[in-house]
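**Q** My structure is below; once you've seen it, I'll send some questions.
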Amino acid sequence: MTERGPFRHHGVQVGGALVALFVGAAMLAPWLAPFDPHAVPTGLAAASLRPPGPPNALGTDALGRDLLSRVLYGGRVSLLVGVGVELVAALIGALIGLVAGYYGGWLDGLLMRVTDTVMAFPSLILAIGLIAVFEKPGIDKVFLVLVLLGWTTIARVVRGQVLSLKTRDYVQAARALGVPDTIIVFRHLLPNCLAPLLVAATIGVGGNMVAEAGLSFLGLGAQAPTISWGAMLAEGQTFLAFAPWVAVFPGLALMLAVLGINLLGDGLRDMLDPRLKR
Amino acid sequence: MLTQLARPVARRLVALIPVLFGISLLVFVLNAVALGDPARAMLGQRGDPELIAQIRKEYALDRPLWVQYATWMGRLLQGNLGRSYHQQRPVGDVIAERFPATFRLAVAATAIAVAAGLGMGIAAALRPGSAVDHLLMGAAVIGISTPVFWLGLMLSLLFAVWLGWLPVSGYGDGALANLVLPALTLGALHTGTIARMTRSSLLEVVRQDYVQAARAKGLGEITVIGKHALKNALIPVVTVIGIGLADLLVGAPLTETVFAWPGLGRMLVAAVGQRDLPVVMGAVLVFAVIYVLGSLLVDLAYLVIDPRIRRD
């Protein structure tokens, strides 16, 4: 294998650029957005469903709201759900994986059975089923449901890593010296799980974003006035025949963001752990 | 061969039991949490107290939770999924009515994905690093990254609204033209993963000695790939096809919503909107069972294709 730095990898470059663009646009939305994304202009008839062109670079929606501003603000919700859910899910998953892998035995058996069962469901189907439990859908419920379903991959990855690490000499030596379990787990095992964990979590962020948009598209996620790309797409479908831009731009933004994250994740995997390369 | 297969098959069937048990438990807990009192949910707040008492008894609602679970499980094993609140008929009937449309869509999507994915993967692997390779693999990554519902809208915009070649949506009484766009949409992600796996698997096999030997014998590239390399390269591809089943199920509610396709997925979404919980539970259960059985079939296909696995 030839030496490969992070910047010699095309996927990482393109992916990193797309992710930087997405994160930057979402964070800076209040300064970048030319209009208030919620503002319904007076003289609605003239402003409604205006095609792209000045002053609305991406056109307007049915209520005459500026689409560019809405796409920018929609990115904030997408980013918040994508990264926020993954942080919580990774924390839970890592803990479960560490405990299951390190202690083994019946605890491992039980935890992995639970993991298998949750993984045995196609996740979005179960997410839809769980949303039904609540009286009213909303972005907070989406967050909760995605966390509940999102920890399994991380748990598996970390457990697998711990299983192979705990037979290593340095871990055996630490144990023989009577080092407490918590120190072994957090100081010796966890840091060595971080590379595969990072790769799985990166891919997970993209998955969360698509899931949020999908649920919102189905009317089971973000509700107005929360701006979500998925909900915008649902609205766009109604006007697809005569105002396609309403559906084109939010989806394009979502696709590019997810593409960037996937490229970045693939690239990170190749760089950090050649064995995981598919 | 049959006796050789019996043991691994039996072992996998036994391994299914805890998973199926877990699924049923999860669905039951969901049910219990969501409904509070199913009798009231069924009859409404002003339901006749006598009738409510009767239903409570029938569903063992006055007994401890584990008795309720056993009762529910007993009904389930007899194929009784309960009654839809909204449609006032058995959930089993509602699901049976919607199942064929989803099945048809899933089969068409799989066929497209396997054909296109294999073709793309093989074409890319023949000339690794070439422009064709980059183009095809770029398309595969885009296929994987494009959210299925947006892809559906864009295909519908291009082929139905602008070009007018295909209908925008609907089942069209089973017309083939109505199936094309939903199947393409649902199959896209799957196509991408199959293409990528075929390419990388083929490239790995091509490096092996026996393929080099076939080349050294002077066999043409097509014979080498088609007759010698492909057969072994396909083994991991089968796994990916199986994993793709989950993507098909996940994509079903979205694709069916985009194209107004009268399948299980759209039924599930509508039932959530109406809070018709028996239908939601029934659909989730059916999706999960299809998925688990699908993975089992893939496992079995694996056993047939790759004799090495039978020994473990």
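FYI, nothing fancy with the structure tokens labels: chains A, B, ... in order, residues from 1 per chain, ligands from 1 as they appear.
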Give the residues of chain B that lie within 6 Å of chain A; count only C-alpha atoms, and format the answer as an MDAnalysis selection string.

**A** chainID B and resid 19 22 34 145:146 150 161 246 250 272 288

**Q** Just give me the gap between atom CA of B:Val289 and atom CA of B:Ala301 in Å, one decimal is fine.

**A**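 Separation between atom CA of B:Val289 and atom CA of B:Ala301: 18.2 Å.
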
**Q** Which neighbours of stretch 62-78 of chain A fall inside 6 Å, counting only C-alpha atoms, when residues of the same chain fewer than 2 positions from it are skipped, and could you give them as a list of chain:residue names?

**A**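 Once the adjacent positions are removed, what remains is A:Ala26, A:Ala29, A:Ala33, A:Phe35, A:Pro37, A:Val40, A:Ala47, A:Ser48, A:Leu49, A:Asn56, A:Leu58, A:Gly59, A:Thr60, A:Leu80, A:Val81, A:Gly82, A:Met209, A:Ile227, A:Ser228, A:Trp229, A:Pro250.
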
**Q** Mind dumping the selected residues with C-alpha atoms as a JSON list (two decimals), in the first residue's frame?

**A**
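File written: selection31.json
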[["chain", "number", "residue", "atom", "x", "y", "z"],
["A", 26, "ALA", "CA", -26.39, 26.16, 8.55],
["A", 29, "ALA", "CA", -27.97, 31.09, 8.21],
["A", 33, "ALA", "CA", -30.37, 34.44, 4.56],
["A", 35, "PHE", "CA", -35.09, 37.29, 4.00],
["A", 37, "PRO", "CA", -37.68, 32.52, 6.35],
["A", 40, "VAL", "CA", -45.25, 35.93, 4.44],
["A", 47, "ALA", "CA", -45.21, 36.76, -4.32],
["A", 48, "SER", "CA", -46.55, 33.20, -4.31],
["A", 49, "LEU", "CA", -44.58, 30.50, -6.20],
["A", 56, "ASN", "CA", -35.48, 35.45, -4.65],
["A", 58, "LEU", "CA", -34.25, 30.13, -5.50],
["A", 59, "GLY", "CA", -37.80, 31.42, -5.96],
["A", 60, "THR", "CA", -40.61, 31.47, -3.40],
["A", 80, "LEU", "CA", -29.05, 19.65, 14.76],
["A", 81, "VAL", "CA", -30.94, 16.37, 14.42],
["A", 82, "GLY", "CA", -28.18, 14.64, 12.46],
["A", 209, "MET", "CA", -30.58, 13.44, 8.48],
["A", 227, "ILE", "CA", -38.45, 24.49, 8.93],
["A", 228, "SER", "CA", -37.36, 21.06, 7.72],
["A", 229, "TRP", "CA", -36.15, 20.05, 4.28],
["A", 250, "PRO", "CA", -34.49, 21.46, -0.42]]

**Q** With DSSP run on the backbone, what are the alpha helix (DSSP H) residues within stretch 24-267 of chain A? I'd like them as a ChimeraX atom specification.

**A** /A:24-27,29-32,44-47,67-103,105-119,123-131,139-165,169-176,181-183,190-217,229-238,245-267

**Q** In Å, with one decimal, what is the gap from atom CA of A:Thr153 to atom CA of A:Thr167?

**A**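 Taking atom CA of A:Thr153 as the start and atom CA of A:Thr167 as the end point, the length is 22.5 Å.
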
**Q** Got a sec: who's within 9 Å of B:Leu300, counting only C-alpha atoms, leaving out chain neighbours fewer than 4 positions off, as a ChimeraX atom specification?

**A** /B:5,8-9,12,295-296,304-305

**Q** Suppose we keep N, CA and C atoms; can you now write the selection as a compact mmCIF listing (two decimals), in the first residue's frame?

**A**
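Written out: out.txt:
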# COMPACT_ATOMS: atom_id res chain seq x y z
N LEU B 5 -27.30 -29.90 4.61
CA LEU B 5 -27.87 -28.58 4.85
C LEU B 5 -28.77 -28.54 6.08
N PRO B 8 -27.23 -26.82 9.60
CA PRO B 8 -27.13 -25.35 9.63
C PRO B 8 -28.48 -24.66 9.49
N VAL B 9 -29.36 -25.23 8.69
CA VAL B 9 -30.68 -24.61 8.53
C VAL B 9 -31.43 -24.64 9.85
N ARG B 12 -30.11 -22.08 12.27
CA ARG B 12 -30.55 -20.72 11.99
C ARG B 12 -32.01 -20.50 12.35
N SER B 295 -33.84 -12.26 5.64
CA SER B 295 -32.43 -12.49 6.01
C SER B 295 -32.15 -13.98 6.10
N LEU B 296 -33.13 -14.73 6.57
CA LEU B 296 -32.97 -16.18 6.67
C LEU B 296 -32.77 -16.79 5.28
N VAL B 304 -26.11 -22.63 0.08
CA VAL B 304 -26.16 -23.37 -1.18
C VAL B 304 -25.00 -22.97 -2.09
N ILE B 305 -24.73 -21.65 -2.14
CA ILE B 305 -23.69 -21.17 -3.06
C ILE B 305 -22.29 -21.55 -2.59
